[in-house]
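Visitor: Here you go, final.cif (mmCIF, C-alpha atoms):
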data_start
loop_
_atom_site.group_PDB
_atom_site.id
_atom_site.type_symbol
_atom_site.label_atom_id
_atom_site.label_comp_id
_atom_site.auth_asym_id
_atom_site.auth_seq_id
_atom_site.Cartn_x
_atom_site.Cartn_y
_atom_site.Cartn_z
ATOM 1 C CA MET Z 666 38.675 -32.286 -19.659
ATOM 2 C CA ARG Z 667 39.637 -35.701 -18.278
ATOM 3 C CA ALA Z 668 43.274 -36.673 -17.942
ATOM 4 C CA VAL Z 669 44.121 -40.084 -19.351
ATOM 5 C CA VAL Z 670 46.371 -41.935 -16.924
ATOM 6 C CA ARG Z 671 48.508 -44.516 -18.695
ATOM 7 C CA PRO Z 672 50.444 -47.079 -16.666
ATOM 8 C CA TYR Z 673 54.209 -46.677 -16.844
ATOM 9 C CA ARG Z 674 55.788 -49.050 -19.344
ATOM 10 C CA ILE Z 675 59.450 -49.930 -19.583
ATOM 11 C CA PRO Z 676 60.821 -48.573 -22.912
ATOM 12 C CA LEU Z 677 61.317 -51.262 -25.573
ATOM 13 C CA PRO Z 678 65.056 -50.615 -26.116
ATOM 14 C CA ALA Z 679 65.644 -51.131 -22.364
ATOM 15 C CA LEU Z 680 63.665 -54.383 -22.493
ATOM 16 C CA ALA Z 681 65.561 -55.576 -25.560
ATOM 17 C CA GLY Z 682 68.884 -54.747 -23.871
ATOM 18 C CA ALA Z 683 67.859 -56.580 -20.694
ATOM 19 C CA SER Z 684 66.820 -59.618 -22.781
ATOM 20 C CA LEU Z 685 70.160 -59.675 -24.573
ATOM 21 C CA VAL Z 686 72.168 -59.395 -21.338
ATOM 22 C CA LEU Z 687 70.107 -62.021 -19.507
ATOM 23 C CA VAL Z 688 70.067 -64.534 -22.389
ATOM 24 C CA THR Z 689 73.828 -64.134 -22.912
ATOM 25 C CA THR Z 690 74.467 -64.562 -19.167
ATOM 26 C CA ALA Z 691 72.218 -67.625 -19.049
ATOM 27 C CA LEU Z 692 74.015 -69.224 -22.028
ATOM 28 C CA ALA Z 693 77.414 -68.507 -20.472
ATOM 29 C CA LEU Z 694 76.289 -70.076 -17.183
ATOM 30 C CA VAL Z 695 74.816 -73.126 -18.959
ATOM 31 C CA PHE Z 696 77.892 -73.846 -21.077
ATOM 32 C CA PHE Z 697 80.815 -72.607 -18.961
ATOM 33 C CA VAL Z 698 79.846 -72.548 -15.276
ATOM 34 C CA VAL Z 699 77.327 -75.211 -14.372
ATOM 35 C CA PRO Z 700 78.777 -78.696 -13.749
ATOM 36 C CA ASN Z 701 77.690 -81.846 -15.567
ATOM 37 C CA ASP Z 702 74.736 -83.648 -13.996
ATOM 38 C CA ALA Z 703 75.755 -86.815 -12.130
ATOM 39 C CA ASP Z 704 72.956 -88.854 -13.692
ATOM 40 C CA GLN Z 705 72.460 -87.450 -17.230
ATOM 41 C CA GLY Z 706 75.820 -85.834 -17.868
ATOM 42 C CA PHE Z 707 76.176 -83.090 -20.475
ATOM 43 C CA SER Z 708 72.714 -83.591 -21.988
ATOM 44 C CA GLN Z 709 71.053 -82.279 -18.797
ATOM 45 C CA ARG Z 710 72.072 -78.783 -19.934
ATOM 46 C CA ILE Z 711 68.955 -78.722 -22.150
ATOM 47 C CA PHE Z 712 66.945 -78.586 -18.896
ATOM 48 C CA TYR Z 713 67.818 -74.922 -18.194
ATOM 49 C CA PHE Z 714 66.150 -73.595 -21.338
ATOM 50 C CA HIS Z 715 63.595 -76.377 -21.896
ATOM 51 C CA VAL Z 716 61.930 -75.937 -18.476
ATOM 52 C CA SER Z 717 62.266 -72.133 -18.576
ATOM 53 C CA ILE Z 718 60.596 -72.057 -21.990
ATOM 54 C CA ALA Z 719 57.809 -74.346 -20.721
ATOM 55 C CA PHE Z 720 57.042 -72.054 -17.758
ATOM 56 C CA THR Z 721 57.220 -69.038 -20.082
ATOM 57 C CA ALA Z 722 54.673 -70.688 -22.399
ATOM 58 C CA TYR Z 723 52.392 -71.330 -19.413
ATOM 59 C CA ALA Z 724 52.827 -67.675 -18.361
ATOM 60 C CA CYS Z 725 51.914 -66.485 -21.872
ATOM 61 C CA PHE Z 726 48.776 -68.640 -21.996
ATOM 62 C CA ALA Z 727 47.818 -67.495 -18.473
ATOM 63 C CA GLY Z 728 48.433 -63.865 -19.503
ATOM 64 C CA GLY Z 729 46.265 -64.384 -22.582
ATOM 65 C CA ALA Z 730 43.485 -65.808 -20.412
ATOM 66 C CA TRP Z 731 43.759 -62.887 -17.990
ATOM 67 C CA LYS Z 732 43.461 -60.368 -20.830
ATOM 68 C CA ALA Z 733 40.527 -62.379 -22.201
ATOM 69 C CA LEU Z 734 38.830 -62.055 -18.811
ATOM 70 C CA VAL Z 735 39.528 -58.297 -18.818
ATOM 71 C CA HIS Z 736 37.979 -58.091 -22.290
ATOM 72 C CA LEU Z 737 34.836 -59.955 -21.220
ATOM 73 C CA TRP Z 738 34.608 -57.861 -18.070
ATOM 74 C CA LYS Z 739 35.251 -54.380 -19.476
ATOM 75 C CA ARG Z 740 34.570 -54.948 -23.221
ATOM 76 C CA ASP Z 741 37.898 -53.342 -23.993
ATOM 77 C CA PRO Z 742 39.058 -54.061 -27.575
ATOM 78 C CA ARG Z 743 42.697 -53.443 -26.527
ATOM 79 C CA ALA Z 744 42.455 -56.370 -24.104
ATOM 80 C CA ASP Z 745 41.283 -58.609 -26.957
ATOM 81 C CA LEU Z 746 44.364 -57.717 -29.003
ATOM 82 C CA GLU Z 747 46.626 -58.213 -25.967
ATOM 83 C CA SER Z 748 45.059 -61.615 -25.306
ATOM 84 C CA TYR Z 749 45.603 -62.638 -28.935
ATOM 85 C CA VAL Z 750 49.275 -61.586 -28.899
ATOM 86 C CA ALA Z 751 49.893 -63.360 -25.552
ATOM 87 C CA VAL Z 752 48.369 -66.597 -26.895
ATOM 88 C CA HIS Z 753 50.502 -66.234 -30.042
ATOM 89 C CA GLN Z 754 53.626 -65.895 -27.894
ATOM 90 C CA GLY Z 755 52.537 -68.914 -25.880
ATOM 91 C CA LEU Z 756 52.226 -70.951 -29.046
ATOM 92 C CA ILE Z 757 55.721 -69.954 -30.214
ATOM 93 C CA PHE Z 758 57.248 -70.894 -26.854
ATOM 94 C CA GLY Z 759 55.072 -74.013 -26.754
ATOM 95 C CA SER Z 760 56.502 -75.197 -30.075
ATOM 96 C CA LEU Z 761 59.994 -74.627 -28.633
ATOM 97 C CA VAL Z 762 59.082 -76.765 -25.604
ATOM 98 C CA LEU Z 763 58.065 -79.604 -27.937
ATOM 99 C CA ILE Z 764 61.232 -79.273 -30.056
ATOM 100 C CA THR Z 765 63.722 -79.060 -27.161
ATOM 101 C CA GLY Z 766 61.806 -81.725 -25.219
ATOM 102 C CA SER Z 767 61.925 -84.134 -28.160
ATOM 103 C CA ILE Z 768 65.678 -83.613 -28.541
ATOM 104 C CA TRP Z 769 66.212 -84.191 -24.820
ATOM 105 C CA ALA Z 770 63.964 -87.288 -24.920
ATOM 106 C CA LYS Z 771 66.005 -88.696 -27.801
ATOM 107 C CA ILE Z 772 69.249 -88.440 -25.815
ATOM 108 C CA SER Z 773 67.833 -89.566 -22.475
ATOM 109 C CA TRP Z 774 65.214 -92.154 -23.417
ATOM 110 C CA GLY Z 775 66.238 -93.051 -26.977
ATOM 111 C CA HIS Z 776 62.872 -91.899 -28.404
ATOM 112 C CA TRP Z 777 61.783 -88.592 -29.928
ATOM 113 C CA TRP Z 778 58.318 -88.962 -28.410
ATOM 114 C CA LEU Z 779 56.548 -91.322 -26.000
ATOM 115 C CA TRP Z 780 52.762 -91.484 -26.180
ATOM 116 C CA SER Z 781 52.676 -93.283 -22.829
ATOM 117 C CA GLU Z 782 53.991 -90.166 -21.035
ATOM 118 C CA ASP Z 783 51.090 -88.129 -19.622
ATOM 119 C CA GLN Z 784 53.115 -84.929 -19.253
ATOM 120 C CA LEU Z 785 54.162 -84.967 -22.908
ATOM 121 C CA VAL Z 786 50.717 -85.796 -24.255
ATOM 122 C CA LEU Z 787 48.963 -83.237 -22.031
ATOM 123 C CA PHE Z 788 51.364 -80.514 -23.125
ATOM 124 C CA LEU Z 789 50.661 -81.467 -26.752
ATOM 125 C CA VAL Z 790 46.902 -81.268 -26.031
ATOM 126 C CA LEU Z 791 47.423 -77.790 -24.507
ATOM 127 C CA PHE Z 792 49.496 -76.752 -27.534
ATOM 128 C CA LEU Z 793 46.932 -78.027 -30.048
ATOM 129 C CA PHE Z 794 44.095 -76.453 -28.065
ATOM 130 C CA TYR Z 795 45.720 -73.038 -28.393
ATOM 131 C CA ALA Z 796 46.639 -73.709 -32.038
ATOM 132 C CA ALA Z 797 42.909 -74.171 -32.648
ATOM 133 C CA TYR Z 798 42.357 -70.735 -31.046
ATOM 134 C CA PHE Z 799 43.735 -69.195 -34.248
ATOM 135 C CA MET Z 800 41.475 -71.343 -36.432
ATOM 136 C CA LEU Z 801 38.482 -70.099 -34.434
ATOM 137 C CA ARG Z 802 39.642 -66.479 -34.446
ATOM 138 C CA PHE Z 803 40.259 -66.288 -38.175
ATOM 139 C CA SER Z 804 37.072 -68.133 -39.097
ATOM 140 C CA VAL Z 805 34.928 -65.302 -37.645
ATOM 141 C CA ASP Z 806 34.719 -61.810 -39.144
ATOM 142 C CA PRO Z 807 36.544 -59.104 -37.158
ATOM 143 C CA GLY Z 808 34.350 -57.412 -34.582
ATOM 144 C CA PRO Z 809 32.888 -57.829 -31.099
ATOM 145 C CA GLN Z 810 31.621 -61.345 -31.822
ATOM 146 C CA ARG Z 811 35.091 -62.582 -32.788
ATOM 147 C CA ALA Z 812 36.605 -60.927 -29.724
ATOM 148 C CA ASN Z 813 34.030 -62.558 -27.433
ATOM 149 C CA PHE Z 814 34.444 -66.042 -28.971
ATOM 150 C CA SER Z 815 38.234 -65.761 -28.736
ATOM 151 C CA ALA Z 816 38.105 -64.561 -25.126
ATOM 152 C CA VAL Z 817 35.855 -67.416 -23.989
ATOM 153 C CA TYR Z 818 38.063 -69.963 -25.785
ATOM 154 C CA ALA Z 819 41.265 -68.536 -24.254
ATOM 155 C CA LEU Z 820 39.673 -68.735 -20.811
ATOM 156 C CA PHE Z 821 38.728 -72.395 -21.280
ATOM 157 C CA GLY Z 822 42.298 -73.227 -22.271
ATOM 158 C CA VAL Z 823 43.774 -71.924 -19.043
ATOM 159 C CA VAL Z 824 42.205 -74.886 -17.211
ATOM 160 C CA LEU Z 825 44.619 -77.168 -19.069
ATOM 161 C CA ILE Z 826 47.701 -75.409 -17.612
ATOM 162 C CA PRO Z 827 47.503 -76.819 -14.044
ATOM 163 C CA VAL Z 828 46.445 -80.198 -15.481
ATOM 164 C CA SER Z 829 49.519 -80.238 -17.730
ATOM 165 C CA PHE Z 830 51.805 -79.063 -14.912
ATOM 166 C CA LEU Z 831 50.466 -81.502 -12.310
ATOM 167 C CA ALA Z 832 50.204 -84.481 -14.674
ATOM 168 C CA ILE Z 833 53.698 -85.665 -13.872
ATOM 169 C CA ARG Z 834 52.943 -85.549 -10.142
ATOM 170 C CA ILE Z 835 49.732 -87.551 -10.368
ATOM 171 C CA ALA Z 836 50.999 -90.061 -12.932
ATOM 172 C CA LYS Z 837 51.791 -93.512 -11.550
ATOM 173 C CA HIS Z 838 54.226 -94.580 -14.246
ATOM 174 C CA PHE Z 839 56.586 -92.000 -15.643
ATOM 175 C CA ILE Z 840 60.120 -91.478 -16.766
ATOM 176 C CA HIS Z 841 59.884 -87.691 -17.170
ATOM 177 C CA PRO Z 842 62.071 -86.197 -14.398
ATOM 178 C CA ILE Z 843 60.517 -84.133 -11.570
ATOM 179 C CA VAL Z 844 62.793 -81.374 -10.375
ATOM 180 C CA PHE Z 845 60.494 -78.877 -8.683
ATOM 181 C CA THR Z 846 59.453 -80.640 -5.508
ATOM 182 C CA SER Z 847 59.727 -79.596 -1.859
ATOM 183 C CA HIS Z 848 63.353 -80.819 -2.107
ATOM 184 C CA VAL Z 849 64.269 -78.499 -4.993
ATOM 185 C CA THR Z 850 67.580 -77.499 -3.390
ATOM 186 C CA SER Z 851 68.712 -81.125 -3.268
ATOM 187 C CA ASN Z 852 67.505 -81.776 -6.845
ATOM 188 C CA LEU Z 853 69.194 -78.609 -8.142
ATOM 189 C CA PRO Z 854 72.099 -77.751 -5.888
ATOM 190 C CA GLY Z 855 74.115 -74.494 -5.899
ATOM 191 C CA SER Z 856 75.039 -73.149 -9.314
ATOM 192 C CA MET Z 857 72.414 -75.307 -11.065
ATOM 193 C CA LEU Z 858 69.584 -73.523 -9.241
ATOM 194 C CA TRP Z 859 71.126 -70.109 -9.932
ATOM 195 C CA THR Z 860 71.592 -70.950 -13.586
ATOM 196 C CA TYR Z 861 67.997 -72.087 -13.845
ATOM 197 C CA GLY Z 862 66.859 -68.841 -12.156
ATOM 198 C CA VAL Z 863 68.813 -66.663 -14.599
ATOM 199 C CA ALA Z 864 67.572 -68.709 -17.596
ATOM 200 C CA GLN Z 865 63.985 -68.418 -16.376
ATOM 201 C CA ALA Z 866 64.313 -64.639 -15.923
ATOM 202 C CA ALA Z 867 65.946 -64.362 -19.368
ATOM 203 C CA LEU Z 868 63.141 -66.254 -21.112
ATOM 204 C CA LEU Z 869 60.398 -64.308 -19.312
ATOM 205 C CA VAL Z 870 61.979 -60.954 -20.189
ATOM 206 C CA LEU Z 871 62.555 -62.107 -23.791
ATOM 207 C CA ALA Z 872 58.931 -63.222 -24.097
ATOM 208 C CA TYR Z 873 57.686 -59.913 -22.674
ATOM 209 C CA THR Z 874 59.924 -57.982 -25.097
ATOM 210 C CA LEU Z 875 58.641 -59.953 -28.093
ATOM 211 C CA TYR Z 876 55.089 -59.510 -26.801
ATOM 212 C CA ARG Z 877 55.508 -55.735 -26.652
ATOM 213 C CA VAL Z 878 57.089 -55.593 -30.131
ATOM 214 C CA GLU Z 879 54.322 -57.686 -31.693
ATOM 215 C CA LEU Z 880 51.630 -55.722 -29.856
ATOM 216 C CA SER Z 881 53.043 -52.410 -31.144
ATOM 217 C CA GLY Z 882 53.010 -53.765 -34.694
ATOM 218 C CA LYS Z 883 49.423 -55.019 -34.353
ATOM 219 C CA ARG Z 884 48.252 -51.681 -32.933
ATOM 220 C CA ILE Z 885 49.869 -49.703 -35.765
ATOM 221 C CA ASP Z 886 48.322 -52.146 -38.257
ATOM 222 C CA ALA Z 887 44.863 -51.661 -36.710
ATOM 223 C CA ARG Z 888 45.199 -47.863 -36.759
ATOM 224 C CA LEU Z 889 46.315 -47.933 -40.394
ATOM 225 C CA ARG Z 890 43.277 -50.015 -41.330
ATOM 226 C CA GLU Z 891 41.041 -47.475 -39.564
ATOM 227 C CA LEU Z 892 42.719 -44.609 -41.437
ATOM 228 C CA ARG Z 893 42.276 -46.368 -44.769
ATOM 229 C CA THR Z 894 38.582 -46.965 -44.206
ATOM 230 C CA ALA Z 895 37.972 -43.432 -42.830
ATOM 231 C CA MET T 1026 82.099 -83.639 -30.231
ATOM 232 C CA THR T 1027 80.109 -86.294 -28.356
ATOM 233 C CA THR T 1028 76.551 -87.289 -29.255
ATOM 234 C CA ALA T 1029 75.195 -85.503 -26.160
ATOM 235 C CA GLU T 1030 77.035 -82.327 -27.115
ATOM 236 C CA LYS T 1031 75.594 -82.505 -30.639
ATOM 237 C CA TYR T 1032 72.032 -82.877 -29.336
ATOM 238 C CA VAL T 1033 72.428 -80.083 -26.782
ATOM 239 C CA THR T 1034 73.848 -77.796 -29.480
ATOM 240 C CA ALA T 1035 70.943 -78.710 -31.771
ATOM 241 C CA ALA T 1036 68.423 -77.865 -29.042
ATOM 242 C CA TYR T 1037 69.946 -74.440 -28.363
ATOM 243 C CA CYS T 1038 70.308 -73.744 -32.092
ATOM 244 C CA ALA T 1039 66.601 -74.580 -32.545
ATOM 245 C CA VAL T 1040 65.707 -72.008 -29.872
ATOM 246 C CA PHE T 1041 67.982 -69.411 -31.484
ATOM 247 C CA ALA T 1042 66.624 -70.138 -34.986
ATOM 248 C CA MET T 1043 63.011 -69.850 -33.840
ATOM 249 C CA VAL T 1044 63.606 -66.503 -32.097
ATOM 250 C CA LEU T 1045 65.563 -65.246 -35.121
ATOM 251 C CA LEU T 1046 62.787 -66.302 -37.516
ATOM 252 C CA TYR T 1047 60.245 -64.533 -35.332
ATOM 253 C CA VAL T 1048 62.318 -61.321 -35.246
ATOM 254 C CA VAL T 1049 62.779 -61.431 -39.049
ATOM 255 C CA LEU T 1050 59.019 -61.875 -39.588
ATOM 256 C CA ILE T 1051 58.255 -58.970 -37.237
ATOM 257 C CA ALA T 1052 60.881 -56.825 -39.017
ATOM 258 C CA LEU T 1053 59.274 -57.611 -42.403
ATOM 259 C CA LYS T 1054 55.883 -56.674 -41.019
ATOM 260 C CA LEU T 1055 57.217 -53.385 -39.604
ATOM 261 C CA ASN T 1056 58.726 -52.611 -43.034
ATOM 262 C CA ARG T 1057 55.341 -53.180 -44.650
ATOM 263 C CA LEU T 1058 53.671 -50.909 -42.076
ATOM 264 C CA GLU T 1059 56.281 -48.218 -42.715
ATOM 265 C CA ARG T 1060 55.571 -48.380 -46.463
ATOM 266 C CA GLU T 1061 51.829 -48.084 -45.803
ATOM 267 C CA VAL T 1062 52.363 -45.042 -43.557
ATOM 268 C CA ASP T 1063 54.517 -43.436 -46.289
ATOM 269 C CA GLU T 1064 51.795 -44.088 -48.843
ATOM 270 C CA LEU T 1065 49.123 -42.567 -46.594
ATOM 271 C CA GLU T 1066 51.353 -39.540 -45.953
ATOM 272 C CA ARG T 1067 51.837 -39.084 -49.713
ATOM 273 C CA ARG T 1068 48.138 -39.414 -50.454
ATOM 274 C CA ALA T 1069 46.923 -37.153 -47.648
ATOM 275 C CA PRO T 1070 47.925 -33.760 -49.251
ATOM 276 C CA GLU T 1071 46.530 -34.865 -52.649
ATOM 277 C CA GLU T 1072 43.187 -35.792 -51.105
ATOM 278 C CA ALA T 1073 43.139 -32.560 -49.075
ATOM 279 C CA ALA T 1074 43.756 -30.560 -52.264
ATOM 280 C CA GLU T 1075 40.924 -32.392 -54.028
ATOM 281 C CA ASP T 1076 38.568 -31.551 -51.151
ATOM 282 C CA GLU T 1077 39.461 -27.846 -51.408
ATOM 283 C CA ARG T 1078 38.545 -27.587 -55.111
ATOM 284 C CA VAL T 1079 35.390 -25.568 -55.726
ATOM 285 C CA THR T 1080 32.914 -26.604 -58.384
ATOM 286 C CA VAL T 1081 32.278 -23.737 -60.848
ATOM 287 C CA ASP T 1082 29.566 -23.635 -63.520
ATOM 288 C CA VAL T 1083 31.086 -23.173 -66.945
ATOM 289 C CA GLY T 1084 29.267 -21.690 -69.994
#
Just give me the structure of the file as structure tokens.

Guide:
Amino acid sequence: MRAVVRPYRIPLPALAGASLVLVTTALALVFFVVPNDADQGFSQRIFYFHVSIAFTAYACFAGGAWKALVHLWKRDPRADLESYVAVHQGLIFGSLVLITGSIWAKISWGHWWLWSEDQLVLFLVLFLFYAAYFMLRFSVDPGPQRANFSAVYALFGVVLIPVSFLAIRIAKHFIHPIVFTSHVTSNLPGSMLWTYGVAQAALLVLAYTLYRVELSGKRIDARLRELRTA
Amino acid sequence: MTTAEKYVTAAYCAVFAMVLLYVVLIALKLNRLEREVDELERRAPEEAAEDERVTVDVG
């Protein structure tokens, strides 16, 4: 008999509780503690969730690509499902990046969207690329072939993440602000940096919680389908 | 409420609404799965009883 060693996983209720506490703390810090930005004033408060959501979306897409690699390497069907759920989470957070970014752009620049901004357009390309992942996945019958196609596609998409992230640094003309440079402490002094840190942790934990909930649902669904066909 | 405050509130409400919508959709899906499990549980004894029936020649 061979013992199956499962990695320890934090229980879902604990994750949900941590998400609630962190998100509430982050909101309290954003609205009641952090001072107004000297340049943008009150509207800069969108930054704390907008940027955190963007990095969370990148993390989800990167996680999806990692699971896709695991699937291609070990041919593990669980990794395929995990990759799919991670990409789905990335798309949800990606849509939130576009929504909050457009609102922030409207206040700061007077436009909902600027096609001349490389960072914005490249994030949209990344978003649409992963949106097409679902079109590919659901156009192929379930099975190993679909899992392999999806995994290869998810791996290709991960190349766009550093391009999207670095676009603002290599662009010559831009109005999108750059905060995370080697002078991050001068760009985000004191409580602003702490608030950003808490917001980032809150969004990452929230995304992981939602990922685990969706994954549980998908696994139960798959097992039910197997039982019905048995 | 200033214009900036309205936009910031709208942005945070959009985040909240999206997460809420997602949670509601997941909850609906879990309800459906629960119903399917109940149905399978109900059908399992009936199917087991059918399997146990023995065919007997009559006449």

Visitor: What are the centre and the three edge lengths of an axis-aligned box that wraps all atoms of region 1027-1037 of chain T in the file, given that 8 Å is added to every side, written as AutoDock Vina command-line options and rounded to one decimal in Å?

Guide:
--center_x 74.3 --center_y -80.9 --center_z -29.0 --size_x 27.7 --size_y 28.8 --size_z 21.6

Visitor: As a list of chain:residue names, please: the residues near region 1046-1053 of chain T (cut-off 8 Å, all atoms listed in the file, same-chain neighbours under 6 positions excluded).

Guide: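 Within the cut-off, the hits are Z:Val878, Z:Glu879, Z:Gly882.
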
Visitor: Just the selected residues (C-alpha atoms), exported as an mmCIF file, in the frame of the given file, please.

Guide:
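File result.cif, as written:
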data_model
loop_
_atom_site.group_PDB
_atom_site.id
_atom_site.type_symbol
_atom_site.label_atom_id
_atom_site.label_comp_id
_atom_site.auth_asym_id
_atom_site.auth_seq_id
_atom_site.Cartn_x
_atom_site.Cartn_y
_atom_site.Cartn_z
ATOM 1 C CA VAL Z 878 57.089 -55.593 -30.131
ATOM 2 C CA GLU Z 879 54.322 -57.686 -31.693
ATOM 3 C CA GLY Z 882 53.010 -53.765 -34.694
#

Visitor: Please find the residues of chain T near chain Z - the criterion being any atom within 6 Å, counting all atoms listed in the file - and write them as an mmCIF file with C-alpha atoms, in the coordinates of the input.

Guide:
data_model
loop_
_atom_site.group_PDB
_atom_site.id
_atom_site.type_symbol
_atom_site.label_atom_id
_atom_site.label_comp_id
_atom_site.auth_asym_id
_atom_site.auth_seq_id
_atom_site.Cartn_x
_atom_site.Cartn_y
_atom_site.Cartn_z
ATOM 1 C CA ALA T 1029 75.195 -85.503 -26.160
ATOM 2 C CA VAL T 1033 72.428 -80.083 -26.782
ATOM 3 C CA ALA T 1036 68.423 -77.865 -29.042
#

Visitor: What does the distance between CA of Tyr798 (chain Z) and CA of Ser748 (chain Z) come to in Å, to one decimal place?

Guide: 11.1 Å

Visitor: Compute the distance from (71.5, -68.7, -29.0) to each atom, counting only C-alpha atoms, keep the residues with any atom at most 12 Å away, and return them as a count of residues only; use the coordinates of the file.

Guide: 27

Visitor: Please indicate the distance in Å from CA of Ser829 (chain Z) to CA of Leu787 (chain Z), rounded to one decimal place.

Guide: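 Distance reported for this atom pair: 5.3 Å.
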
Visitor: Which of these residues is nearest to Tyr723 (chain Z), using all atoms listed in the file: Z:Trp738, Z:Phe814, Z:Tyr861, Z:Phe792?

Guide: Z:Phe792

Visitor: Using Å and a single decimal, report how far CA of Leu880 (chain Z) sits from CA of Val750 (chain Z).

Guide: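 Taking CA of Val750 (chain Z) and CA of Leu880 (chain Z), their separation equals 6.4 Å.
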
Visitor: Residues picked by the PyMOL selection byres ((chain Z and resi 857) around 12) here, as a ChimeraX atom specification?

Guide: /Z:691,694-702,709-710,712-713,844,849-856,858-864

Visitor: Quick one: residues within 9 Å of His753 (chain Z), only C-alpha atoms, excluding same-chain residues fewer than 4 positions away - as a VMD selection string?

Guide: chain Z and resid 725 to 726 729 748 to 749 757 to 758 795 to 796 799 876
